[in-house]
Amino acid sequence: MKNFKESSMKVVFLLTACVSIAAVALICIFLFASGIPTMGKIGLKEFLLGIKWKPANNLYGILPMIVGSIYVTAGALLIGVPVGILTAIFLARFCPRWLYRILRPAINLMAGIPSVVYGFFGLVVMVPLVREYLGGRGMGVLTASLLLGLMILPTIIVQSESALRAVPESYYEGALALGATHERSVFFAVVPAAKSGILAGVILGVGRAIGETMAVKMVAGNQPVIPGSILAGVRTLTTNIVMEMGYATDLHREALIATAVVLFVFVLVINLSFSMLKRRGEK
């Protein structure tokens, strides 16, 4: 009976894994089968390097959206990664128990807040603040980066804290035995040992930052031009798709699907780059 249960569960796990792989494969096939011929129609150079997105004039250049996605994602990482990792270190090694009981549920609650709520917060709080103290319309690269940096914090904090707590206590105790202080033991013994898990949290944060749509749409300004400053309006690849897919037809719709292909490749390249860095760090 026990062997039957184990065999049946193996089959169940295998089937679920196959379903997951098949779903990803079908998505890839749909995107590439629809998007690559469209790039051929428009012209690969004109599509990827064109700076004008005017569907009414049959101009489908997505370079402004590519640059906008890079700017906003990079800004979110510059804000969210240091804060997230330091917060995880504090929770894992420095936080008093009574404060931990308050902070950890609050962080978990942040992870469950819908994107549109974050977007509304950015629209009514962050946009006026940026407009008043820094100038401009308030909707731009800086506001979108700040909001995305806030949104990726729970992902980075939870993953990094788990990685830090998984480090054997002997690492910390060994550093103390060699005469290191509590702070040096944590930052020079525990944190380097947990860098693989911390990097995994950063990768997940990057995935959310790149794929976020609704919140960015509400605070980025949605201008299909290359931003000249951090206060200028910007449009990302995801917002470009969601804003126009509802009414797009023919070549316009196909160009949006091709944009999704570029976004897919963009995410894939970033994940592969992080994976290579992770493997180098483990050697």
# chains A, B, ... in the order shown; residues from 1 in each chain; ligands from 1

$ residues_around --residues "Leu231 of chain A" --least-positions-apart "4" --cutoff "9 Å" --atoms "only C-alpha atoms" --output "list in words"
Val130, Arg131, Leu134, Gly135, Gly136, Arg137, Gly138, Met139, Gly140, Val141, Leu142, Thr143 and Pro227 of chain A

$ residues_around --residues "Ala175 of chain A" --least-positions-apart "5" --cutoff "12 Å" --atoms "only C-alpha atoms" --output "number ranges by chain"
A: 169-170, 180-190

$ atom_distance --atom1 "atom CA of Gly246 of chain A" --atom2 "atom CA of Ile113 of chain A"
25.6 Å

$ closest_residue --among "A:Phe274, A:Tyr172, A:Phe266, A:Tyr133" --to "Gly201 of chain A" --atoms "only C-alpha atoms"
A:Phe274

$ atom_distance --atom1 "atom CA of Ala76 of chain A" --atom2 "atom CA of Ile230 of chain A"
12.3 Å

$ closest_atom_pairs --of "segment 99-180 of chain A" --to "segment 205-222 of chain A" --cutoff "7 Å" --atoms "only C-alpha atoms" --output "JSON lines"
{"residue": "A:Ser115", "atom": "CA", "partner": "A:Ala215", "partner_atom": "CA", "distance": 5.6}
{"residue": "A:Val116", "atom": "CA", "partner": "A:Ala215", "partner_atom": "CA", "distance": 5.6}
{"residue": "A:Tyr118", "atom": "CA", "partner": "A:Ala215", "partner_atom": "CA", "distance": 6.1}
{"residue": "A:Gly119", "atom": "CA", "partner": "A:Ala215", "partner_atom": "CA", "distance": 3.9}
{"residue": "A:Gly122", "atom": "CA", "partner": "A:Val219", "partner_atom": "CA", "distance": 6.4}
{"residue": "A:Leu123", "atom": "CA", "partner": "A:Val219", "partner_atom": "CA", "distance": 5.8}
{"residue": "A:Val127", "atom": "CA", "partner": "A:Val219", "partner_atom": "CA", "distance": 7.0}
{"residue": "A:Met139", "atom": "CA", "partner": "A:Gly221", "partner_atom": "CA", "distance": 4.9}
{"residue": "A:Gly140", "atom": "CA", "partner": "A:Ala220", "partner_atom": "CA", "distance": 4.5}
{"residue": "A:Val141", "atom": "CA", "partner": "A:Ala220", "partner_atom": "CA", "distance": 6.2}
{"residue": "A:Thr143", "atom": "CA", "partner": "A:Val219", "partner_atom": "CA", "distance": 6.5}
{"residue": "A:Ala144", "atom": "CA", "partner": "A:Ala220", "partner_atom": "CA", "distance": 5.4}
{"residue": "A:Leu148", "atom": "CA", "partner": "A:Ala209", "partner_atom": "CA", "distance": 6.0}
{"residue": "A:Ile152", "atom": "CA", "partner": "A:Gly205", "partner_atom": "CA", "distance": 5.2}
{"residue": "A:Thr155", "atom": "CA", "partner": "A:Gly205", "partner_atom": "CA", "distance": 6.0}
{"residue": "A:Ile156", "atom": "CA", "partner": "A:Gly205", "partner_atom": "CA", "distance": 6.1}

$ write_last_selection --atoms "all heavy atoms" --output "tab-separated table (two decimals), in the first residue's frame"
chain	number	residue	atom	x	y	z
A	115	SER	N	-1.84	45.66	-6.80
A	115	SER	CA	-1.05	46.66	-7.51
A	115	SER	C	-1.79	47.98	-7.68
A	115	SER	O	-1.20	49.06	-7.59
A	115	SER	CB	-0.65	46.11	-8.88
A	115	SER	OG	0.12	44.95	-8.76
A	116	VAL	N	-3.09	47.89	-7.91
A	116	VAL	CA	-3.86	49.11	-8.15
A	116	VAL	C	-3.91	49.98	-6.90
A	116	VAL	O	-3.97	51.21	-6.99
A	116	VAL	CB	-5.29	48.76	-8.64
A	116	VAL	CG1	-6.10	48.09	-7.52
A	116	VAL	CG2	-6.01	49.99	-9.17
A	118	TYR	N	-1.37	50.19	-4.69
A	118	TYR	CA	-0.08	50.86	-4.74
A	118	TYR	C	-0.12	52.02	-5.73
A	118	TYR	O	0.40	53.11	-5.46
A	118	TYR	CB	1.02	49.89	-5.15
A	118	TYR	CG	1.57	49.04	-4.02
A	118	TYR	CD1	1.28	47.69	-3.94
A	118	TYR	CD2	2.40	49.59	-3.05
A	118	TYR	CE1	1.80	46.90	-2.92
A	118	TYR	CE2	2.91	48.81	-2.03
A	118	TYR	CZ	2.61	47.46	-1.97
A	118	TYR	OH	3.13	46.70	-0.96
A	119	GLY	N	-0.72	51.77	-6.89
A	119	GLY	CA	-0.81	52.82	-7.90
A	119	GLY	C	-1.61	54.01	-7.41
A	119	GLY	O	-1.25	55.17	-7.66
A	122	GLY	N	0.52	55.95	-5.04
A	122	GLY	CA	1.49	56.75	-5.77
A	122	GLY	C	0.86	57.96	-6.42
A	122	GLY	O	1.45	59.05	-6.45
A	123	LEU	N	-0.37	57.80	-6.91
A	123	LEU	CA	-1.05	58.89	-7.62
A	123	LEU	C	-1.45	60.02	-6.68
A	123	LEU	O	-1.33	61.20	-7.03
A	123	LEU	CB	-2.28	58.33	-8.34
A	123	LEU	CG	-2.99	59.25	-9.33
A	123	LEU	CD1	-2.08	59.64	-10.47
A	123	LEU	CD2	-4.25	58.58	-9.86
A	127	VAL	N	3.01	61.40	-6.34
A	127	VAL	CA	3.02	62.34	-7.46
A	127	VAL	C	2.95	63.79	-6.99
A	127	VAL	O	3.77	64.63	-7.43
A	127	VAL	CB	1.86	62.02	-8.45
A	127	VAL	CG1	1.70	63.15	-9.47
A	127	VAL	CG2	2.13	60.70	-9.16
A	139	MET	N	4.65	62.94	-12.56
A	139	MET	CA	4.56	61.60	-13.16
A	139	MET	C	5.77	61.39	-14.07
A	139	MET	O	5.94	62.09	-15.05
A	139	MET	CB	3.29	61.46	-13.98
A	139	MET	CG	2.01	61.54	-13.18
A	139	MET	SD	0.56	61.26	-14.23
A	139	MET	CE	-0.75	61.34	-13.01
A	140	GLY	N	6.60	60.43	-13.69
A	140	GLY	CA	7.79	60.22	-14.49
A	140	GLY	C	8.62	59.05	-13.99
A	140	GLY	O	8.15	58.22	-13.20
A	141	VAL	N	9.87	59.02	-14.43
A	141	VAL	CA	10.77	57.90	-14.10
A	141	VAL	C	10.98	57.80	-12.60
A	141	VAL	O	10.93	56.70	-12.02
A	141	VAL	CB	12.13	58.09	-14.82
A	141	VAL	CG1	13.10	56.98	-14.41
A	141	VAL	CG2	11.94	58.12	-16.32
A	143	THR	N	9.15	58.86	-9.97
A	143	THR	CA	7.98	58.40	-9.23
A	143	THR	C	7.71	56.92	-9.45
A	143	THR	O	7.42	56.18	-8.50
A	143	THR	CB	6.73	59.22	-9.64
A	143	THR	OG1	7.04	60.61	-9.59
A	143	THR	CG2	5.57	58.94	-8.71
A	144	ALA	N	7.81	56.49	-10.70
A	144	ALA	CA	7.60	55.07	-11.00
A	144	ALA	C	8.66	54.20	-10.33
A	144	ALA	O	8.36	53.12	-9.81
A	144	ALA	CB	7.61	54.84	-12.51
A	148	LEU	N	7.84	51.34	-7.58
A	148	LEU	CA	8.25	49.95	-7.82
A	148	LEU	C	9.25	49.47	-6.77
A	148	LEU	O	9.21	48.31	-6.35
A	148	LEU	CB	8.87	49.82	-9.21
A	148	LEU	CG	7.90	49.64	-10.38
A	148	LEU	CD1	8.68	49.46	-11.67
A	148	LEU	CD2	6.99	48.44	-10.16
A	152	ILE	N	8.62	46.02	-4.56
A	152	ILE	CA	9.46	44.82	-4.58
A	152	ILE	C	10.09	44.54	-3.21
A	152	ILE	O	10.72	43.49	-3.03
A	152	ILE	CB	10.57	44.92	-5.64
A	152	ILE	CG1	11.58	46.02	-5.30
A	152	ILE	CG2	9.97	45.11	-7.02
A	152	ILE	CD1	12.76	46.09	-6.26
A	155	THR	N	9.12	41.07	-1.43
A	155	THR	CA	9.73	39.90	-2.09
A	155	THR	C	11.19	39.74	-1.68
A	155	THR	O	11.64	38.65	-1.31
A	155	THR	CB	9.63	40.04	-3.62
A	155	THR	OG1	8.26	40.19	-3.99
A	155	THR	CG2	10.21	38.82	-4.31
A	156	ILE	N	11.94	40.83	-1.75
A	156	ILE	CA	13.37	40.78	-1.42
A	156	ILE	C	13.57	40.50	0.07
A	156	ILE	O	14.43	39.70	0.45
A	156	ILE	CB	14.05	42.10	-1.83
A	156	ILE	CG1	13.98	42.28	-3.34
A	156	ILE	CG2	15.50	42.13	-1.36
A	156	ILE	CD1	14.52	43.61	-3.83

$ select_by_dssp --residues "segment 35-217 of chain A" --states "alpha helix (DSSP H)" --output "NGL selection string"
:A and (35-42 or 44-49 or 63-89 or 97-112 or 115-121 or 127-134 or 141-166 or 169-177 or 182-185 or 191-193 or 195-211 or 214-217)

$ residues_around --residues "Leu78 of chain A" --least-positions-apart "5" --cutoff "9 Å" --atoms "only C-alpha atoms" --output "number ranges by chain"
A: 73, 83, 145, 149

$ atom_distance --atom1 "atom CA of Ala194 of chain A" --atom2 "atom CA of Leu164 of chain A"
5.4 Å

$ residues_around --residues "Lys45 of chain A" --least-positions-apart "4" --cutoff "12 Å" --atoms "only C-alpha atoms" --output "list in words"
Met39, Gly40, Lys41, Leu49, Gly50, Ile51, Tyr60, Gly61, Ile62 and Leu63 of chain A

$ write_last_selection --atoms "all heavy atoms" --output "PDB file, in the first residue's frame"
ATOM      1  N   MET A  39       7.708  41.377 -36.693  1.00  0.00           N
ATOM      2  CA  MET A  39       8.977  42.109 -36.747  1.00  0.00           C
ATOM      3  C   MET A  39       9.525  42.123 -38.166  1.00  0.00           C
ATOM      4  O   MET A  39      10.132  43.112 -38.601  1.00  0.00           O
ATOM      5  CB  MET A  39       9.996  41.466 -35.799  1.00  0.00           C
ATOM      6  CG  MET A  39       9.641  41.569 -34.335  1.00  0.00           C
ATOM      7  SD  MET A  39      10.934  40.829 -33.290  1.00  0.00           S
ATOM      8  CE  MET A  39      10.098  40.804 -31.700  1.00  0.00           C
ATOM      9  N   GLY A  40       9.304  41.018 -38.890  1.00  0.00           N
ATOM     10  CA  GLY A  40       9.739  40.974 -40.286  1.00  0.00           C
ATOM     11  C   GLY A  40       8.966  41.956 -41.147  1.00  0.00           C
ATOM     12  O   GLY A  40       9.530  42.592 -42.043  1.00  0.00           O
ATOM     13  N   LYS A  41       7.641  42.088 -40.894  1.00  0.00           N
ATOM     14  CA  LYS A  41       6.826  43.040 -41.661  1.00  0.00           C
ATOM     15  C   LYS A  41       7.264  44.473 -41.410  1.00  0.00           C
ATOM     16  O   LYS A  41       7.403  45.274 -42.342  1.00  0.00           O
ATOM     17  CB  LYS A  41       5.349  42.898 -41.270  1.00  0.00           C
ATOM     18  CG  LYS A  41       4.678  41.624 -41.709  1.00  0.00           C
ATOM     19  CD  LYS A  41       3.221  41.632 -41.258  1.00  0.00           C
ATOM     20  CE  LYS A  41       2.546  40.314 -41.561  1.00  0.00           C
ATOM     21  NZ  LYS A  41       1.137  40.308 -41.057  1.00  0.00           N
ATOM     22  N   LEU A  49      14.740  49.739 -32.881  1.00  0.00           N
ATOM     23  CA  LEU A  49      15.504  50.980 -32.729  1.00  0.00           C
ATOM     24  C   LEU A  49      14.737  52.224 -33.126  1.00  0.00           C
ATOM     25  O   LEU A  49      15.255  53.339 -32.997  1.00  0.00           O
ATOM     26  CB  LEU A  49      16.809  50.896 -33.546  1.00  0.00           C
ATOM     27  CG  LEU A  49      17.755  49.740 -33.191  1.00  0.00           C
ATOM     28  CD1 LEU A  49      18.989  49.766 -34.071  1.00  0.00           C
ATOM     29  CD2 LEU A  49      18.153  49.799 -31.719  1.00  0.00           C
ATOM     30  N   GLY A  50      13.523  52.041 -33.607  1.00  0.00           N
ATOM     31  CA  GLY A  50      12.713  53.206 -33.965  1.00  0.00           C
ATOM     32  C   GLY A  50      12.286  53.992 -32.729  1.00  0.00           C
ATOM     33  O   GLY A  50      11.967  53.400 -31.694  1.00  0.00           O
ATOM     34  N   ILE A  51      12.264  55.314 -32.832  1.00  0.00           N
ATOM     35  CA  ILE A  51      11.943  56.147 -31.665  1.00  0.00           C
ATOM     36  C   ILE A  51      10.528  56.734 -31.736  1.00  0.00           C
ATOM     37  O   ILE A  51      10.147  57.510 -30.867  1.00  0.00           O
ATOM     38  CB  ILE A  51      12.970  57.283 -31.509  1.00  0.00           C
ATOM     39  CG1 ILE A  51      12.969  58.185 -32.757  1.00  0.00           C
ATOM     40  CG2 ILE A  51      14.365  56.722 -31.256  1.00  0.00           C
ATOM     41  CD1 ILE A  51      13.830  59.426 -32.612  1.00  0.00           C
ATOM     42  N   TYR A  60       6.030  51.959 -35.735  1.00  0.00           N
ATOM     43  CA  TYR A  60       6.014  51.079 -34.562  1.00  0.00           C
ATOM     44  C   TYR A  60       7.434  50.911 -33.997  1.00  0.00           C
ATOM     45  O   TYR A  60       7.976  49.818 -33.978  1.00  0.00           O
ATOM     46  CB  TYR A  60       5.432  49.712 -34.925  1.00  0.00           C
ATOM     47  CG  TYR A  60       4.013  49.765 -35.425  1.00  0.00           C
ATOM     48  CD1 TYR A  60       3.735  49.716 -36.794  1.00  0.00           C
ATOM     49  CD2 TYR A  60       2.944  49.878 -34.549  1.00  0.00           C
ATOM     50  CE1 TYR A  60       2.431  49.763 -37.261  1.00  0.00           C
ATOM     51  CE2 TYR A  60       1.633  49.918 -35.003  1.00  0.00           C
ATOM     52  CZ  TYR A  60       1.394  49.862 -36.358  1.00  0.00           C
ATOM     53  OH  TYR A  60       0.100  49.913 -36.825  1.00  0.00           O
ATOM     54  N   GLY A  61       8.015  51.987 -33.552  1.00  0.00           N
ATOM     55  CA  GLY A  61       9.331  51.922 -32.922  1.00  0.00           C
ATOM     56  C   GLY A  61       9.187  51.820 -31.409  1.00  0.00           C
ATOM     57  O   GLY A  61       8.537  52.652 -30.777  1.00  0.00           O
ATOM     58  N   ILE A  62       9.778  50.793 -30.808  1.00  0.00           N
ATOM     59  CA  ILE A  62       9.580  50.559 -29.370  1.00  0.00           C
ATOM     60  C   ILE A  62      10.822  50.906 -28.544  1.00  0.00           C
ATOM     61  O   ILE A  62      10.863  50.607 -27.352  1.00  0.00           O
ATOM     62  CB  ILE A  62       9.186  49.098 -29.089  1.00  0.00           C
ATOM     63  CG1 ILE A  62      10.316  48.138 -29.487  1.00  0.00           C
ATOM     64  CG2 ILE A  62       7.890  48.740 -29.772  1.00  0.00           C
ATOM     65  CD1 ILE A  62      10.115  46.719 -28.979  1.00  0.00           C
ATOM     66  N   LEU A  63      11.822  51.559 -29.144  1.00  0.00           N
ATOM     67  CA  LEU A  63      13.011  51.926 -28.372  1.00  0.00           C
ATOM     68  C   LEU A  63      12.670  52.791 -27.150  1.00  0.00           C
ATOM     69  O   LEU A  63      13.245  52.568 -26.076  1.00  0.00           O
ATOM     70  CB  LEU A  63      14.025  52.641 -29.266  1.00  0.00           C
ATOM     71  CG  LEU A  63      15.355  53.011 -28.583  1.00  0.00           C
ATOM     72  CD1 LEU A  63      16.069  51.755 -28.096  1.00  0.00           C
ATOM     73  CD2 LEU A  63      16.248  53.808 -29.530  1.00  0.00           C
TER      74      LEU A  63
END

$ residues_around --residues "Ile198 of chain A" --least-positions-apart "3" --cutoff "9 Å" --atoms "only C-alpha atoms" --output "list in words"
Ile85, Ile156, Ile157, Gln159, Ser160, Glu161, Ser162, Ala163, Leu164, Val191, Ala194, Lys195, Gly201, Val202 and Ile203 of chain A

$ select_by_dssp --residues "segment 46-119 of chain A" --states "strand (DSSP E or B)" --output "JSON, numbers by chain"
{"A": [53, 54, 59, 60]}

$ write_last_selection --atoms "N, CA, C and O atoms" --output "PDB file, in the first residue's frame"
ATOM      1  N   TRP A  53       6.441  55.875 -31.924  1.00  0.00           N
ATOM      2  CA  TRP A  53       5.346  54.911 -31.824  1.00  0.00           C
ATOM      3  C   TRP A  53       4.054  55.653 -32.195  1.00  0.00           C
ATOM      4  O   TRP A  53       3.462  56.341 -31.372  1.00  0.00           O
ATOM      5  N   LYS A  54       3.671  55.549 -33.457  1.00  0.00           N
ATOM      6  CA  LYS A  54       2.459  56.198 -33.950  1.00  0.00           C
ATOM      7  C   LYS A  54       1.695  55.198 -34.815  1.00  0.00           C
ATOM      8  O   LYS A  54       1.870  55.160 -36.037  1.00  0.00           O
ATOM      9  N   LEU A  59       3.894  53.659 -37.715  1.00  0.00           N
ATOM     10  CA  LEU A  59       5.229  53.772 -37.130  1.00  0.00           C
ATOM     11  C   LEU A  59       5.223  53.005 -35.809  1.00  0.00           C
ATOM     12  O   LEU A  59       4.501  53.366 -34.876  1.00  0.00           O
ATOM     13  N   TYR A  60       6.030  51.959 -35.735  1.00  0.00           N
ATOM     14  CA  TYR A  60       6.014  51.079 -34.562  1.00  0.00           C
ATOM     15  C   TYR A  60       7.434  50.911 -33.997  1.00  0.00           C
ATOM     16  O   TYR A  60       7.976  49.818 -33.978  1.00  0.00           O
TER      17      TYR A  60
END

$ decode --residues "segment 79-133 of chain A" --atoms "C-alpha atoms" --output "PDB file, in the first residue's frame"
ATOM      1  CA  ILE A  79      15.989  51.882  -4.217  1.00  0.00           C
ATOM      2  CA  GLY A  80      14.563  48.490  -3.277  1.00  0.00           C
ATOM      3  CA  VAL A  81      17.589  46.171  -3.159  1.00  0.00           C
ATOM      4  CA  PRO A  82      19.706  47.971  -0.509  1.00  0.00           C
ATOM      5  CA  VAL A  83      16.679  48.730   1.659  1.00  0.00           C
ATOM      6  CA  GLY A  84      15.302  45.200   1.307  1.00  0.00           C
ATOM      7  CA  ILE A  85      18.567  43.415   2.088  1.00  0.00           C
ATOM      8  CA  LEU A  86      19.370  45.641   5.069  1.00  0.00           C
ATOM      9  CA  THR A  87      15.844  45.176   6.399  1.00  0.00           C
ATOM     10  CA  ALA A  88      16.198  41.397   6.067  1.00  0.00           C
ATOM     11  CA  ILE A  89      19.518  41.507   7.946  1.00  0.00           C
ATOM     12  CA  PHE A  90      17.886  43.558  10.695  1.00  0.00           C
ATOM     13  CA  LEU A  91      14.959  41.152  10.994  1.00  0.00           C
ATOM     14  CA  ALA A  92      17.153  38.051  10.990  1.00  0.00           C
ATOM     15  CA  ARG A  93      19.934  39.169  13.326  1.00  0.00           C
ATOM     16  CA  PHE A  94      19.202  42.461  15.095  1.00  0.00           C
ATOM     17  CA  CYS A  95      15.443  42.822  15.576  1.00  0.00           C
ATOM     18  CA  PRO A  96      13.977  42.406  19.102  1.00  0.00           C
ATOM     19  CA  ARG A  97      11.284  39.755  19.335  1.00  0.00           C
ATOM     20  CA  TRP A  98       8.507  42.182  20.265  1.00  0.00           C
ATOM     21  CA  LEU A  99       9.293  44.375  17.240  1.00  0.00           C
ATOM     22  CA  TYR A 100       9.654  41.337  14.947  1.00  0.00           C
ATOM     23  CA  ARG A 101       6.093  40.295  15.800  1.00  0.00           C
ATOM     24  CA  ILE A 102       4.943  43.653  14.400  1.00  0.00           C
ATOM     25  CA  LEU A 103       7.251  44.102  11.415  1.00  0.00           C
ATOM     26  CA  ARG A 104       7.022  40.637   9.872  1.00  0.00           C
ATOM     27  CA  PRO A 105       3.190  40.590   9.589  1.00  0.00           C
ATOM     28  CA  ALA A 106       3.336  44.142   8.203  1.00  0.00           C
ATOM     29  CA  ILE A 107       5.779  43.038   5.489  1.00  0.00           C
ATOM     30  CA  ASN A 108       3.589  40.039   4.657  1.00  0.00           C
ATOM     31  CA  LEU A 109       0.636  42.417   4.406  1.00  0.00           C
ATOM     32  CA  MET A 110       2.581  44.606   1.969  1.00  0.00           C
ATOM     33  CA  ALA A 111       3.089  41.581  -0.278  1.00  0.00           C
ATOM     34  CA  GLY A 112      -0.673  41.024  -0.445  1.00  0.00           C
ATOM     35  CA  ILE A 113      -1.683  44.584  -1.337  1.00  0.00           C
ATOM     36  CA  PRO A 114      -3.050  44.748  -4.925  1.00  0.00           C
ATOM     37  CA  SER A 115      -1.047  46.656  -7.510  1.00  0.00           C
ATOM     38  CA  VAL A 116      -3.863  49.106  -8.149  1.00  0.00           C
ATOM     39  CA  VAL A 117      -3.801  50.134  -4.472  1.00  0.00           C
ATOM     40  CA  TYR A 118      -0.078  50.862  -4.737  1.00  0.00           C
ATOM     41  CA  GLY A 119      -0.810  52.822  -7.900  1.00  0.00           C
ATOM     42  CA  PHE A 120      -3.526  54.835  -6.170  1.00  0.00           C
ATOM     43  CA  PHE A 121      -1.136  55.594  -3.285  1.00  0.00           C
ATOM     44  CA  GLY A 122       1.489  56.748  -5.768  1.00  0.00           C
ATOM     45  CA  LEU A 123      -1.046  58.885  -7.616  1.00  0.00           C
ATOM     46  CA  VAL A 124      -2.459  60.719  -4.589  1.00  0.00           C
ATOM     47  CA  VAL A 125       0.654  60.876  -2.368  1.00  0.00           C
ATOM     48  CA  MET A 126       3.909  60.437  -4.297  1.00  0.00           C
ATOM     49  CA  VAL A 127       3.016  62.337  -7.464  1.00  0.00           C
ATOM     50  CA  PRO A 128       2.031  65.573  -5.593  1.00  0.00           C
ATOM     51  CA  LEU A 129       5.152  65.344  -3.402  1.00  0.00           C
ATOM     52  CA  VAL A 130       7.492  64.968  -6.394  1.00  0.00           C
ATOM     53  CA  ARG A 131       5.665  67.752  -8.237  1.00  0.00           C
ATOM     54  CA  GLU A 132       5.904  70.133  -5.271  1.00  0.00           C
ATOM     55  CA  TYR A 133       9.505  69.536  -4.192  1.00  0.00           C
TER      56      TYR A 133
END
